[in-house]
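Accompanying notes for the structure given below.
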Amino acid sequence: MSVPNVEKRFNVEIEAIEKIPALKVIKPKVFPDDRGFFSETYNATEWAEKLDFKEVFLQDNHSFSKHGVLRGLHTQPGMGKLVSVATGKIFDVAVDVRQGSPTFGQWHGVILSGENKHAFWIPPGFLHGFQCLSPEGAHVTYKCSAVYDPKTEFGINPFDKEIAVEWPITDKNQIIVSERDTQHGDLSSLPR
């Protein structure tokens, strides 16, 4: 197995998304060398001090998706997610569904990959989904600020025309999406 090409970073960085400031891209420390690399993917103390990021996580999840898989759009009241990719590459999307929010219905997408080692903070009140872009598939990890509750989770169709996410893979023959996700209602079904 070859050593992956990763972005070197000596300091953790955070960047707010200008059009939806509640969303954040966090760039953790990464130390590559001739042996491989070491990445500090989360540090509660340092992130609180340097980034003012003070979330508490209660559950970790790990999924693998094949090329073309589209998961989402899902949310659960009270659950935020810190999403990152161990290997592969995804287009990760958050949609604001916070009642009364001035950016309700707006979405933002970022590329997360095993090379850039970025993490995407999606706070409570946002739908989340992603599309796997890498031919070899992608291992995606989520740190969650609540424990999964199937009774309160809900979703919106990832192809909702009002949200109009610009998914990178558009060829319907390459997209793999669960029947459950396509059966979700549209954004218009949610209170604003």
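Identifiers in this document derive from the order of the structure tokens: chains are assigned A, B, ..., residues are numbered from 1 separately in each chain, and ligands are numbered from 1 in order of occurrence.
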Q) Per DSSP on the backbone, what are the alpha helix (DSSP H) residues of segment 46-175 of chain A, as a ChimeraX atom specification? A) /A:46-51
Please, could you write that set of residues out with all heavy atoms as an mmCIF file, in the first residue's frame?
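This went into again-v7.cif:
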data_model
loop_
_atom_site.group_PDB
_atom_site.id
_atom_site.type_symbol
_atom_site.label_atom_id
_atom_site.label_comp_id
_atom_site.auth_asym_id
_atom_site.auth_seq_id
_atom_site.Cartn_x
_atom_site.Cartn_y
_atom_site.Cartn_z
ATOM 1 N N GLU A 46 -7.511 21.824 23.078
ATOM 2 C CA GLU A 46 -6.916 22.776 22.135
ATOM 3 C C GLU A 46 -7.976 23.450 21.272
ATOM 4 O O GLU A 46 -7.922 24.655 21.032
ATOM 5 C CB GLU A 46 -5.881 22.080 21.245
ATOM 6 C CG GLU A 46 -5.215 23.044 20.284
ATOM 7 C CD GLU A 46 -4.156 22.395 19.418
ATOM 8 O OE1 GLU A 46 -4.375 21.245 18.966
ATOM 9 O OE2 GLU A 46 -3.133 23.037 19.197
ATOM 10 N N TRP A 47 -8.950 22.681 20.802
ATOM 11 C CA TRP A 47 -9.978 23.273 19.944
ATOM 12 C C TRP A 47 -10.809 24.294 20.714
ATOM 13 O O TRP A 47 -11.213 25.312 20.167
ATOM 14 C CB TRP A 47 -10.861 22.193 19.335
ATOM 15 C CG TRP A 47 -10.187 21.382 18.261
ATOM 16 C CD1 TRP A 47 -8.841 21.184 18.088
ATOM 17 C CD2 TRP A 47 -10.828 20.672 17.226
ATOM 18 N NE1 TRP A 47 -8.625 20.375 17.006
ATOM 19 C CE2 TRP A 47 -9.824 20.045 16.454
ATOM 20 C CE3 TRP A 47 -12.149 20.473 16.874
ATOM 21 C CZ2 TRP A 47 -10.103 19.249 15.350
ATOM 22 C CZ3 TRP A 47 -12.439 19.672 15.774
ATOM 23 C CH2 TRP A 47 -11.428 19.076 15.007
ATOM 24 N N ALA A 48 -11.078 24.035 22.000
ATOM 25 C CA ALA A 48 -11.824 25.003 22.811
ATOM 26 C C ALA A 48 -11.007 26.280 22.992
ATOM 27 O O ALA A 48 -11.531 27.393 22.855
ATOM 28 C CB ALA A 48 -12.179 24.396 24.161
ATOM 29 N N GLU A 49 -9.706 26.135 23.293
ATOM 30 C CA GLU A 49 -8.846 27.294 23.543
ATOM 31 C C GLU A 49 -8.543 28.087 22.276
ATOM 32 O O GLU A 49 -8.634 29.306 22.254
ATOM 33 C CB GLU A 49 -7.532 26.845 24.185
ATOM 34 C CG GLU A 49 -7.680 26.351 25.605
ATOM 35 C CD GLU A 49 -6.403 25.728 26.158
ATOM 36 O OE1 GLU A 49 -5.363 25.709 25.456
ATOM 37 O OE2 GLU A 49 -6.463 25.235 27.309
ATOM 38 N N LYS A 50 -8.171 27.401 21.207
ATOM 39 C CA LYS A 50 -7.705 28.091 19.999
ATOM 40 C C LYS A 50 -8.811 28.409 19.003
ATOM 41 O O LYS A 50 -8.690 29.362 18.232
ATOM 42 C CB LYS A 50 -6.623 27.265 19.309
ATOM 43 C CG LYS A 50 -5.341 27.193 20.109
ATOM 44 C CD LYS A 50 -4.252 26.508 19.340
ATOM 45 C CE LYS A 50 -2.964 26.542 20.142
ATOM 46 N NZ LYS A 50 -1.885 25.838 19.474
ATOM 47 N N LEU A 51 -9.866 27.579 18.979
ATOM 48 C CA LEU A 51 -10.908 27.748 17.970
ATOM 49 C C LEU A 51 -12.253 28.155 18.555
ATOM 50 O O LEU A 51 -13.195 28.393 17.814
ATOM 51 C CB LEU A 51 -11.096 26.437 17.185
ATOM 52 C CG LEU A 51 -9.850 25.802 16.577
ATOM 53 C CD1 LEU A 51 -10.219 24.502 15.879
ATOM 54 C CD2 LEU A 51 -9.169 26.756 15.607
#
Q. Can you list every residue in segment 7-157 of chain A that DSSP puts in strand (DSSP E or B), as a VMD selection string?
A. chain A and resid 9 13 to 17 20 to 27 29 to 33 36 to 40 59 to 65 69 to 75 81 to 87 89 to 96 107 to 113 119 to 122 126 to 132 138 to 144 154 to 156
Q) Of the candidates A:Gly109, A:Pro4, A:Pro28, A:Gly137, which shows the shortest atom-to-atom distance to Pro168 of chain A, using only C-alpha atoms? A) A:Gly109
Q: Would you mind listing what lies within 9 Å of Ser63 of chain A as a PyMOL selection string, with only C-alpha atoms counted and same-chain residues fewer than 2 positions away left out?
A: chain A and resi 61+65+138-142
What does the file look like for those residues with N, CA and C atoms, as a PDB file, in the first residue's frame?
ATOM      1  N   ASN A  61     -19.579   7.513  14.578  1.00  0.00           N
ATOM      2  CA  ASN A  61     -20.060   6.614  13.530  1.00  0.00           C
ATOM      3  C   ASN A  61     -19.019   6.527  12.426  1.00  0.00           C
ATOM      4  N   SER A  65     -18.853   3.986   1.777  1.00  0.00           N
ATOM      5  CA  SER A  65     -19.737   4.150   0.625  1.00  0.00           C
ATOM      6  C   SER A  65     -18.966   3.904  -0.657  1.00  0.00           C
ATOM      7  N   ALA A 138     -15.252   5.528  -0.105  1.00  0.00           N
ATOM      8  CA  ALA A 138     -14.803   6.437   0.957  1.00  0.00           C
ATOM      9  C   ALA A 138     -15.240   5.928   2.322  1.00  0.00           C
ATOM     10  N   HIS A 139     -14.305   6.025   3.272  1.00  0.00           N
ATOM     11  CA  HIS A 139     -14.587   5.765   4.687  1.00  0.00           C
ATOM     12  C   HIS A 139     -14.865   7.119   5.335  1.00  0.00           C
ATOM     13  N   VAL A 140     -16.091   7.295   5.834  1.00  0.00           N
ATOM     14  CA  VAL A 140     -16.529   8.567   6.408  1.00  0.00           C
ATOM     15  C   VAL A 140     -16.767   8.367   7.902  1.00  0.00           C
ATOM     16  N   THR A 141     -16.262   9.306   8.713  1.00  0.00           N
ATOM     17  CA  THR A 141     -16.476   9.230  10.157  1.00  0.00           C
ATOM     18  C   THR A 141     -17.252  10.463  10.615  1.00  0.00           C
ATOM     19  N   TYR A 142     -18.073  10.266  11.633  1.00  0.00           N
ATOM     20  CA  TYR A 142     -18.902  11.328  12.182  1.00  0.00           C
ATOM     21  C   TYR A 142     -18.761  11.306  13.697  1.00  0.00           C
TER      22      TYR A 142
END
Q.
Please report the interatomic distance between atom CA of Ile26 of chain A and atom CA of His118 of chain A in Å with one decimal.
A.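 These two atoms are separated by 5.8 Å.
Closest approach to Glu18 of chain A among A:Ser178, A:Phe57, A:Trp107, A:Gly125: A:Trp107, based on only C-alpha atoms.
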Q | Shell of 10 Å around segment 95-105 of chain A, only C-alpha atoms, local chain residues under 5 positions omitted, as a ChimeraX atom specification | A | /A:19-23,73-75,77,122-129,156,162-165,187-188,190-192
Q.
Neighbouring residues of Ser134 of chain A were defined as those with any atom within 10 Å, considering only C-alpha atoms; residues of the same chain fewer than 2 positions away were excluded. Please report them as a PyMOL selection string.
A. chain A and resi 65-68+87-91+113+131-132+136-138
**Q.** Which of A:Lys143, A:Arg9, A:Lys117, A:Arg35 sits closest to His62 of chain A [using only C-alpha atoms]
**A.**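 Under the stated criterion, the closest residue is A:Lys143.
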For segment 65-159 of chain A against segment 36-39 of chain A, with a cut-off of 12 Å and counting only C-alpha atoms, what is the closest atom pair and its distance in Å to one decimal for every residue that makes the cut, ordered by chain and number, as JSON lines?
{"residue": "A:Ala86", "atom": "CA", "partner": "A:Ser39", "partner_atom": "CA", "distance": 10.4}
{"residue": "A:Gly114", "atom": "CA", "partner": "A:Ser39", "partner_atom": "CA", "distance": 10.8}
{"residue": "A:Glu115", "atom": "CA", "partner": "A:Phe37", "partner_atom": "CA", "distance": 10.7}
{"residue": "A:Asn116", "atom": "CA", "partner": "A:Ser39", "partner_atom": "CA", "distance": 10.8}
{"residue": "A:Lys117", "atom": "CA", "partner": "A:Ser39", "partner_atom": "CA", "distance": 8.1}
{"residue": "A:His118", "atom": "CA", "partner": "A:Ser39", "partner_atom": "CA", "distance": 10.6}
{"residue": "A:Ala119", "atom": "CA", "partner": "A:Ser39", "partner_atom": "CA", "distance": 12.0}
Any chance you could tabulate, as a tab-separated table, the residues of segment 38-102 of chain A at most 8 Å from segment 144-151 of chain A with each one's nearest atom pair and distance in Å to one decimal, using only C-alpha atoms, in chain and rising number order?
residue	atom	partner	partner_atom	distance
A:Glu55	CA	A:Ser145	CA	7.0
A:Val56	CA	A:Ser145	CA	5.7
A:Phe57	CA	A:Ser145	CA	4.2
A:Leu58	CA	A:Ser145	CA	5.4
A:Gln59	CA	A:Cys144	CA	5.1
A:Asp60	CA	A:Cys144	CA	6.0
A:Asn61	CA	A:Cys144	CA	7.8
A:Gln76	CA	A:Asp149	CA	7.5
A:Gly78	CA	A:Ala146	CA	6.6
A:Met79	CA	A:Ala146	CA	4.9
A:Gly80	CA	A:Ser145	CA	5.2
A:Lys81	CA	A:Cys144	CA	4.7
A:Leu82	CA	A:Cys144	CA	6.6
Q: Tell me which of A:Ile17, A:Trp121, A:Ile111, A:Leu70 sits closest to Ile175 of chain A, counting only C-alpha atoms.
A: A:Leu70
Q: Measuring atom to atom with only C-alpha atoms, identify which of A:Asn173, A:Thr152, A:Thr41, A:Asn157 is nearest to Val83 of chain A.
A: A:Thr41
